[in-house]
Amino acid sequence: MRTEDVLAAIATGLWRWDNASGIVTLDAEAARLLGLPAEPAELTEAAVRSRFHPVDWNEIDGVVNLAVAEGTLAEARLRIMDGQGRVIRTVRSRSKPLIDGDDYTLVGTLQEVAEPQPGTAARTPITGDWRRSREAFLLDAGRALAEARSTAEVLRVAASLSMPGFSPDGLAVFGVAGDRLTIIGHHGHHAGDEGPFSSMSLDTDYPAAEVARTGRAIYLPSPEEYLRRFPVTWPLAQRFGRQSWAYLPLIVAGRTMGAWMAAFKHRVAFTPDERSVLTTVARMLAQALARAGVAESERELSLGLQRTMMPVLGPGAPGLQVAARYVPTGGGLQVGGDWYDMIPLPGGTSRAGGAGTGRIALVIGDVQGHDVRAAGLMGQLRIALRAYASEGHRPDAVLSRASRFLYGITSGDGEASGNGGGRARGDLALGDGHGSGGGRGEDGGGLRFATCLYLEIDPVTGIVDIARAGHPDPAVRMTDGTVLLRPTAGGLPLGIDPDTDYPTTRFTLEPGETLMMCTDGLLETGGHDLDSGWERVRELLEGHDGESLEELADELVQAVHGPGSHHTTGPLADRREDDIALLLVSRQGTIAREAPRRTMMTVAQAEPERIAAARQHLRQLLHDWADADQVDSAVLMVSEMVTNVLIHTDGDALLVAEVTCDEKTRRLRVEVADSSDELPHKRHPGEMASSGRGLVLMEMLAHAWGVDPRGEGKSIWFELNEPPAGGDEGGVGGGCA
């Protein structure tokens, strides 16, 4: 009797599906089972597809692809439809793919199976609750693996996966390093259990090694099957007491990067649907591990760049304490254009005329952009600044040379270093005008600028000389906790104009005072502008005890970038986050018990807009003054005094404000000095007069005032006495201890 007759007698048909030609060949029984006349037939793929339920066809497509990939049988249950779309029977298909290059031919059988009785809980592998739970599981698993950002997170997610109906209790992820098999991670085993499997040769008769070599999955449904196929390494697996094992390749972009083992304490038959779930998880796991590897490589590169480009601050100079922080943005390589530096300066005589041993320069800046080119330019600019400072140039000369250098390496014409009369004498030839990212080249670069704040400080005298290039002003925390922005003269950001001048501002940092320099990221991170961001930082500086700079640096960074920063968001919620660079320096020494609160600033003829900064500066100085009306009066008089200097003289105005404590009375004294010998005269302006009221206002608002001639020019001053907390002017001040 022929084989076909035997199969027909048990209602089993034969079919052959040629994937290359799309032709399906059926014997008579197979044709009958598909609802066609009971005779051999050759049909197109479309004609056969019309006989299957649409949902089942989608399922069989995945089952066949899995069988082709693994070289195993493709098994599925299929519902057969008639011409009116009604289900006439259910058949079971078992077929074997015969692979020929990129094409394959399926050869197999079709057999009718009994329908489940109405009302029973029977479910086929491709329908019902199991199918829905499988889809839900794969969606959850895919989402969790996609969110993992490191190899450790991927392994934790893989260990927590609960597969529908057959969850493994032991997992291991193997990698390939050369010709050796390595263990990336495992779950469900004790520490040290991985020893025999670490650094195993790929030629070893072990399932994971074979999977890594061939890229094909291995399913071992029983210990007997494991022993039969891998007798050499069976003793290594036997001690774990597992009953079934699945070893699947981890394939990314066509390359097998390792293997995944799922071990079960109970026996698993590894049906096509179970194999399909395991294969899908293995693919997602491989993609997640590849993404995590790239992310970890980027983080390692980022940290390496940071370590290379950011200096390691030493102990500073005797009498000074220095702390610094750098926080990159969250995306990309986490490197950008922000930087800081501390530079020991050449010894000798200080700018103040005394011994200058131990002088240092502090630099903080921000190159435009948040990409690798910005980081490269930052590195070049930092080296250039360090070189110019080490030559002994003054702060203004250091920034002028740095601006010319940055313009030269980003302008693209190679001539910037010679513009405006050539390179200044003593300037270093650190670039040829075609540096990293130079010009408007293929990298889409073009001109880039950088903001910078450069200062030199003498730890003996506390004298600070500052030059500023478009950067936020520094802030000073006084010994009593008062925090002031220190207005400084400045010029354009570096790299815009090679001939820009950078005036120098000088002041004294008293013992116990702390100077803060930062990039705009510290102020603007969290949706703030410069004003609202400064108020947030000022409150933190005032609330600090002033003891540890390291603690203060941590508090500032955490307040704007830590978990609690969402409580202090600003009005610009859509503002992009920015890198943060922070530099703190504190002068040590004996602190006067009742040191006056003193500040000064210069308002130049060419900068009348700084009158507004002077008013704001005085308000910061009087932040805890008991009488708000007196503060307004003081601000009004300062505005009048400085304006008069700019209008009636040819020189600049020097503002000095000081709060002193005499026993229990606080007194504000403000002086505005200029270089003119002409003394002011008290006038009696009419109602329509636009000037002449300055001295009248001072006589009405100040407790005392006067004009003092000096060797070169004069000084106009006034004094205000703080009233007591509850009461009358001229009494005991509310701010003295």
# chains A, B, ... in the order shown; residues from 1 in each chain; ligands from 1
$ residues_around --residues "region 239-242 of chain A" --least-positions-apart "2" --cutoff "9 Å" --atoms "only C-alpha atoms" --output "list in words"
Asp169, Gly170, His189, Ser222, Pro223, Pro235, Leu236, Ala237, Ser244, Trp245, Ala263, Phe264, Lys265, His266 and Arg267 of chain A
$ select_by_dssp --residues "region 239-293 of chain A" --states "strand (DSSP E)" --output "PyMOL selection string"
chain A and resi 244-252+255-264
$ write_last_selection --atoms "N, CA and C atoms" --output "short mmCIF file (atom, residue, chain, number, x, y, z; two decimals), in the first residue's frame"
data_model
loop_
_atom_site.label_atom_id
_atom_site.label_comp_id
_atom_site.auth_asym_id
_atom_site.auth_seq_id
_atom_site.Cartn_x
_atom_site.Cartn_y
_atom_site.Cartn_z
N SER A 244 14.34 21.51 32.27
CA SER A 244 14.28 21.91 30.86
C SER A 244 15.15 23.15 30.67
N TRP A 245 15.68 23.26 29.43
CA TRP A 245 16.57 24.39 29.13
C TRP A 245 16.29 24.90 27.71
N ALA A 246 16.38 26.20 27.57
CA ALA A 246 16.31 26.82 26.24
C ALA A 246 17.52 27.74 26.09
N TYR A 247 18.29 27.54 25.03
CA TYR A 247 19.44 28.38 24.73
C TYR A 247 19.15 29.09 23.40
N LEU A 248 19.11 30.42 23.43
CA LEU A 248 18.74 31.17 22.24
C LEU A 248 19.85 32.16 21.88
N PRO A 249 20.07 32.36 20.57
CA PRO A 249 21.12 33.30 20.16
C PRO A 249 20.68 34.75 20.38
N LEU A 250 21.62 35.59 20.74
CA LEU A 250 21.40 37.02 20.83
C LEU A 250 22.01 37.64 19.58
N ILE A 251 21.15 38.03 18.66
CA ILE A 251 21.59 38.47 17.34
C ILE A 251 21.21 39.94 17.16
N VAL A 252 22.19 40.75 16.75
CA VAL A 252 21.97 42.16 16.45
C VAL A 252 22.62 42.45 15.10
N ARG A 255 24.62 39.72 13.46
CA ARG A 255 25.80 39.19 14.13
C ARG A 255 25.40 38.61 15.48
N THR A 256 25.85 37.39 15.73
CA THR A 256 25.56 36.74 17.01
C THR A 256 26.51 37.28 18.06
N MET A 257 25.97 37.99 19.03
CA MET A 257 26.79 38.61 20.06
C MET A 257 26.84 37.80 21.34
N GLY A 258 26.09 36.69 21.39
CA GLY A 258 26.10 35.87 22.60
C GLY A 258 24.92 34.92 22.62
N ALA A 259 24.57 34.46 23.81
CA ALA A 259 23.47 33.50 23.96
C ALA A 259 22.74 33.79 25.27
N TRP A 260 21.47 33.41 25.28
CA TRP A 260 20.63 33.58 26.46
C TRP A 260 20.11 32.21 26.89
N MET A 261 20.30 31.87 28.16
CA MET A 261 19.81 30.61 28.68
C MET A 261 18.63 30.87 29.60
N ALA A 262 17.54 30.11 29.37
CA ALA A 262 16.39 30.10 30.27
C ALA A 262 16.22 28.67 30.76
N ALA A 263 16.32 28.47 32.09
CA ALA A 263 16.24 27.12 32.68
C ALA A 263 14.98 27.02 33.54
N PHE A 264 14.37 25.83 33.54
CA PHE A 264 13.09 25.62 34.20
C PHE A 264 13.19 24.46 35.19
#
$ atom_distance --atom1 "CA of Gln287 (chain A)" --atom2 "CA of Leu155 (chain A)"
12.6 Å
$ residues_around --residues "Asp579 (chain A)" --least-positions-apart "6" --cutoff "12 Å" --atoms "only C-alpha atoms" --output "MDAnalysis selection string"
chainID A and resid 325:331 334:339 365:371 374:375 518:526 557 560:561
$ write_last_selection --atoms "N, CA, C and O atoms" --output "short mmCIF file (atom, residue, chain, number, x, y, z; two decimals), in the first residue's frame"
data_model
loop_
_atom_site.label_atom_id
_atom_site.label_comp_id
_atom_site.auth_asym_id
_atom_site.auth_seq_id
_atom_site.Cartn_x
_atom_site.Cartn_y
_atom_site.Cartn_z
N ARG A 325 32.57 72.51 40.71
CA ARG A 325 31.68 71.44 40.26
C ARG A 325 31.40 71.63 38.77
O ARG A 325 31.36 72.74 38.26
N TYR A 326 31.19 70.48 38.09
CA TYR A 326 30.74 70.51 36.69
C TYR A 326 29.65 69.47 36.53
O TYR A 326 29.83 68.31 36.89
N VAL A 327 28.50 69.88 35.98
CA VAL A 327 27.37 68.97 35.75
C VAL A 327 26.96 69.11 34.29
O VAL A 327 26.51 70.17 33.86
N PRO A 328 27.13 68.04 33.48
CA PRO A 328 26.74 68.14 32.06
C PRO A 328 25.24 67.98 31.90
O PRO A 328 24.53 67.57 32.81
N THR A 329 24.74 68.30 30.71
CA THR A 329 23.33 68.09 30.40
C THR A 329 23.06 66.60 30.31
O THR A 329 23.96 65.79 30.19
N GLY A 330 21.79 66.23 30.28
CA GLY A 330 21.43 64.83 30.33
C GLY A 330 21.56 64.08 29.04
O GLY A 330 21.59 62.86 29.02
N GLY A 331 21.63 64.75 27.89
CA GLY A 331 21.62 64.03 26.63
C GLY A 331 22.98 63.87 26.01
O GLY A 331 23.97 64.44 26.43
N GLN A 334 27.09 63.90 27.05
CA GLN A 334 27.18 64.59 28.34
C GLN A 334 28.49 65.36 28.48
O GLN A 334 29.10 65.41 29.53
N VAL A 335 28.90 65.95 27.38
CA VAL A 335 30.02 66.90 27.41
C VAL A 335 29.57 68.15 26.68
O VAL A 335 28.73 68.09 25.78
N GLY A 336 30.08 69.26 27.07
CA GLY A 336 29.69 70.51 26.44
C GLY A 336 30.82 71.51 26.51
O GLY A 336 31.99 71.15 26.64
N GLY A 337 30.46 72.80 26.45
CA GLY A 337 31.46 73.83 26.37
C GLY A 337 31.78 74.52 27.67
O GLY A 337 32.58 75.46 27.69
N ASP A 338 31.15 74.14 28.79
CA ASP A 338 31.44 74.79 30.07
C ASP A 338 32.76 74.26 30.65
O ASP A 338 33.07 73.08 30.52
N TRP A 339 33.51 75.14 31.31
CA TRP A 339 34.75 74.70 31.94
C TRP A 339 35.14 75.65 33.06
O TRP A 339 34.60 76.75 33.18
N GLY A 365 34.15 79.56 32.16
CA GLY A 365 33.66 79.99 30.86
C GLY A 365 32.70 79.01 30.25
O GLY A 365 32.46 77.92 30.77
N ASP A 366 32.15 79.42 29.10
CA ASP A 366 31.12 78.62 28.43
C ASP A 366 31.24 78.86 26.94
O ASP A 366 30.98 79.97 26.46
N VAL A 367 31.66 77.82 26.19
CA VAL A 367 31.71 77.90 24.74
C VAL A 367 30.32 77.63 24.18
O VAL A 367 29.60 76.75 24.65
N GLN A 368 29.94 78.38 23.17
CA GLN A 368 28.63 78.23 22.56
C GLN A 368 28.43 76.81 22.05
O GLN A 368 29.27 76.26 21.36
N GLY A 369 27.29 76.20 22.39
CA GLY A 369 26.95 74.87 21.89
C GLY A 369 27.02 73.81 22.97
O GLY A 369 27.59 74.01 24.05
N HIS A 370 26.43 72.63 22.66
CA HIS A 370 26.41 71.51 23.59
C HIS A 370 26.85 70.22 22.88
O HIS A 370 26.34 69.14 23.16
N ASP A 371 27.77 70.34 21.94
CA ASP A 371 28.18 69.20 21.14
C ASP A 371 29.67 68.93 21.32
O ASP A 371 30.35 69.59 22.10
N ALA A 374 31.92 71.88 20.55
CA ALA A 374 32.03 72.83 21.66
C ALA A 374 33.02 72.32 22.70
O ALA A 374 33.82 73.10 23.24
N ALA A 375 32.97 71.01 22.98
CA ALA A 375 33.92 70.46 23.94
C ALA A 375 35.35 70.57 23.44
O ALA A 375 36.28 70.87 24.20
N CYS A 518 29.96 81.30 38.23
CA CYS A 518 29.21 80.18 37.66
C CYS A 518 28.87 80.49 36.21
O CYS A 518 28.92 81.65 35.77
N THR A 519 28.51 79.47 35.46
CA THR A 519 27.97 79.66 34.13
C THR A 519 26.47 79.84 34.23
O THR A 519 25.85 79.59 35.28
N ASP A 520 25.84 80.25 33.13
CA ASP A 520 24.42 80.57 33.19
C ASP A 520 23.55 79.33 33.44
O ASP A 520 22.39 79.47 33.81
N GLY A 521 24.12 78.13 33.27
CA GLY A 521 23.33 76.94 33.55
C GLY A 521 22.89 76.85 35.00
O GLY A 521 21.79 76.37 35.30
N LEU A 522 23.73 77.32 35.93
CA LEU A 522 23.35 77.28 37.35
C LEU A 522 22.17 78.20 37.62
O LEU A 522 21.35 77.92 38.49
N LEU A 523 22.06 79.27 36.86
CA LEU A 523 20.99 80.23 37.08
C LEU A 523 19.72 79.87 36.31
O LEU A 523 18.61 80.01 36.82
N GLU A 524 19.86 79.38 35.07
CA GLU A 524 18.71 79.20 34.20
C GLU A 524 18.12 77.80 34.21
O GLU A 524 17.00 77.61 33.73
N THR A 525 18.85 76.82 34.73
CA THR A 525 18.31 75.46 34.76
C THR A 525 17.02 75.43 35.58
O THR A 525 16.95 76.00 36.66
N GLY A 526 16.02 74.73 35.04
CA GLY A 526 14.74 74.64 35.74
C GLY A 526 13.75 75.70 35.33
O GLY A 526 12.80 75.98 36.07
N VAL A 557 24.41 72.83 43.54
CA VAL A 557 24.13 71.94 42.41
C VAL A 557 22.86 71.15 42.66
O VAL A 557 22.00 71.01 41.77
N VAL A 560 19.48 73.05 42.05
CA VAL A 560 19.05 73.34 40.68
C VAL A 560 19.05 72.12 39.79
O VAL A 560 18.46 72.14 38.70
N HIS A 561 19.70 71.02 40.24
CA HIS A 561 19.82 69.85 39.37
C HIS A 561 19.47 68.55 40.08
O HIS A 561 19.49 67.49 39.47
#
$ residues_around --residues "region 456-461 of chain A" --least-positions-apart "3" --cutoff "7 Å" --atoms "only C-alpha atoms" --output "number ranges by chain"
A: 318-320, 356, 358-362, 464-466, 587
$ residues_around --residues "Gly188 (chain A)" --least-positions-apart "2" --cutoff "9 Å" --atoms "only C-alpha atoms" --output "PyMOL selection string"
chain A and resi 159+169-172+186+190
$ write_last_selection --atoms "N, CA, C and O atoms" --output "compact mmCIF listing (two decimals), in the first residue's frame"
# COMPACT_ATOMS: atom_id res chain seq x y z
N ALA A 159 15.44 39.31 34.45
CA ALA A 159 15.19 38.42 35.59
C ALA A 159 13.77 38.56 36.12
O ALA A 159 13.24 37.62 36.72
N ASP A 169 13.17 29.87 36.08
CA ASP A 169 13.65 30.28 37.40
C ASP A 169 15.16 30.49 37.40
O ASP A 169 15.73 30.89 38.41
N GLY A 170 15.82 30.24 36.27
CA GLY A 170 17.25 30.48 36.15
C GLY A 170 17.57 31.10 34.80
O GLY A 170 17.10 30.61 33.76
N LEU A 171 18.32 32.18 34.82
CA LEU A 171 18.68 32.87 33.58
C LEU A 171 20.17 33.12 33.56
O LEU A 171 20.80 33.31 34.60
N ALA A 172 20.72 33.14 32.37
CA ALA A 172 22.13 33.51 32.19
C ALA A 172 22.29 34.14 30.82
O ALA A 172 21.66 33.69 29.84
N HIS A 186 23.81 36.74 35.42
CA HIS A 186 22.95 35.57 35.64
C HIS A 186 21.98 35.86 36.77
O HIS A 186 22.16 36.81 37.55
N HIS A 190 23.69 30.98 42.71
CA HIS A 190 24.47 31.53 43.80
C HIS A 190 25.76 32.16 43.28
O HIS A 190 26.23 31.84 42.17
$ residues_around --residues "Gly293 (chain A)" --least-positions-apart "3" --cutoff "9 Å" --atoms "only C-alpha atoms" --output "list of chain:residue names"
A:Arg149, A:Ser150, A:Thr151, A:Ala288, A:Leu289, A:Ala290, A:Glu296, A:Ser297, A:Glu298
$ write_last_selection --atoms "N, CA, C and O atoms" --output "PDB file, in the first residue's frame"
ATOM      1  N   ARG A 149      18.779  51.401  30.642  1.00  0.00           N
ATOM      2  CA  ARG A 149      19.862  52.231  30.143  1.00  0.00           C
ATOM      3  C   ARG A 149      21.253  51.670  30.433  1.00  0.00           C
ATOM      4  O   ARG A 149      22.245  52.274  30.074  1.00  0.00           O
ATOM      5  N   SER A 150      21.331  50.546  31.080  1.00  0.00           N
ATOM      6  CA  SER A 150      22.633  49.947  31.365  1.00  0.00           C
ATOM      7  C   SER A 150      22.486  48.434  31.316  1.00  0.00           C
ATOM      8  O   SER A 150      21.371  47.895  31.362  1.00  0.00           O
ATOM      9  N   THR A 151      23.626  47.756  31.218  1.00  0.00           N
ATOM     10  CA  THR A 151      23.595  46.290  31.184  1.00  0.00           C
ATOM     11  C   THR A 151      22.982  45.736  32.455  1.00  0.00           C
ATOM     12  O   THR A 151      22.200  44.776  32.410  1.00  0.00           O
ATOM     13  N   ALA A 288      18.306  45.325  23.522  1.00  0.00           N
ATOM     14  CA  ALA A 288      18.482  46.108  24.749  1.00  0.00           C
ATOM     15  C   ALA A 288      19.931  46.085  25.212  1.00  0.00           C
ATOM     16  O   ALA A 288      20.478  47.105  25.642  1.00  0.00           O
ATOM     17  N   LEU A 289      20.564  44.921  25.143  1.00  0.00           N
ATOM     18  CA  LEU A 289      21.974  44.836  25.537  1.00  0.00           C
ATOM     19  C   LEU A 289      22.865  45.656  24.611  1.00  0.00           C
ATOM     20  O   LEU A 289      23.827  46.289  25.057  1.00  0.00           O
ATOM     21  N   ALA A 290      22.537  45.646  23.325  1.00  0.00           N
ATOM     22  CA  ALA A 290      23.328  46.445  22.386  1.00  0.00           C
ATOM     23  C   ALA A 290      23.174  47.933  22.683  1.00  0.00           C
ATOM     24  O   ALA A 290      24.156  48.681  22.683  1.00  0.00           O
ATOM     25  N   GLU A 296      26.691  52.814  27.606  1.00  0.00           N
ATOM     26  CA  GLU A 296      27.794  52.737  28.567  1.00  0.00           C
ATOM     27  C   GLU A 296      29.101  53.194  27.939  1.00  0.00           C
ATOM     28  O   GLU A 296      29.930  53.831  28.602  1.00  0.00           O
ATOM     29  N   SER A 297      29.297  52.890  26.653  1.00  0.00           N
ATOM     30  CA  SER A 297      30.499  53.365  25.968  1.00  0.00           C
ATOM     31  C   SER A 297      30.499  54.887  25.882  1.00  0.00           C
ATOM     32  O   SER A 297      31.531  55.538  26.068  1.00  0.00           O
ATOM     33  N   GLU A 298      29.315  55.460  25.592  1.00  0.00           N
ATOM     34  CA  GLU A 298      29.226  56.914  25.520  1.00  0.00           C
ATOM     35  C   GLU A 298      29.488  57.541  26.888  1.00  0.00           C
ATOM     36  O   GLU A 298      30.158  58.576  26.988  1.00  0.00           O
TER      37      GLU A 298
END
$ closest_residue --among "A:Ser276, A:Thr25, A:Thr271, A:Thr12" --to "Glu135 (chain A)" --atoms "only C-alpha atoms"
A:Ser276
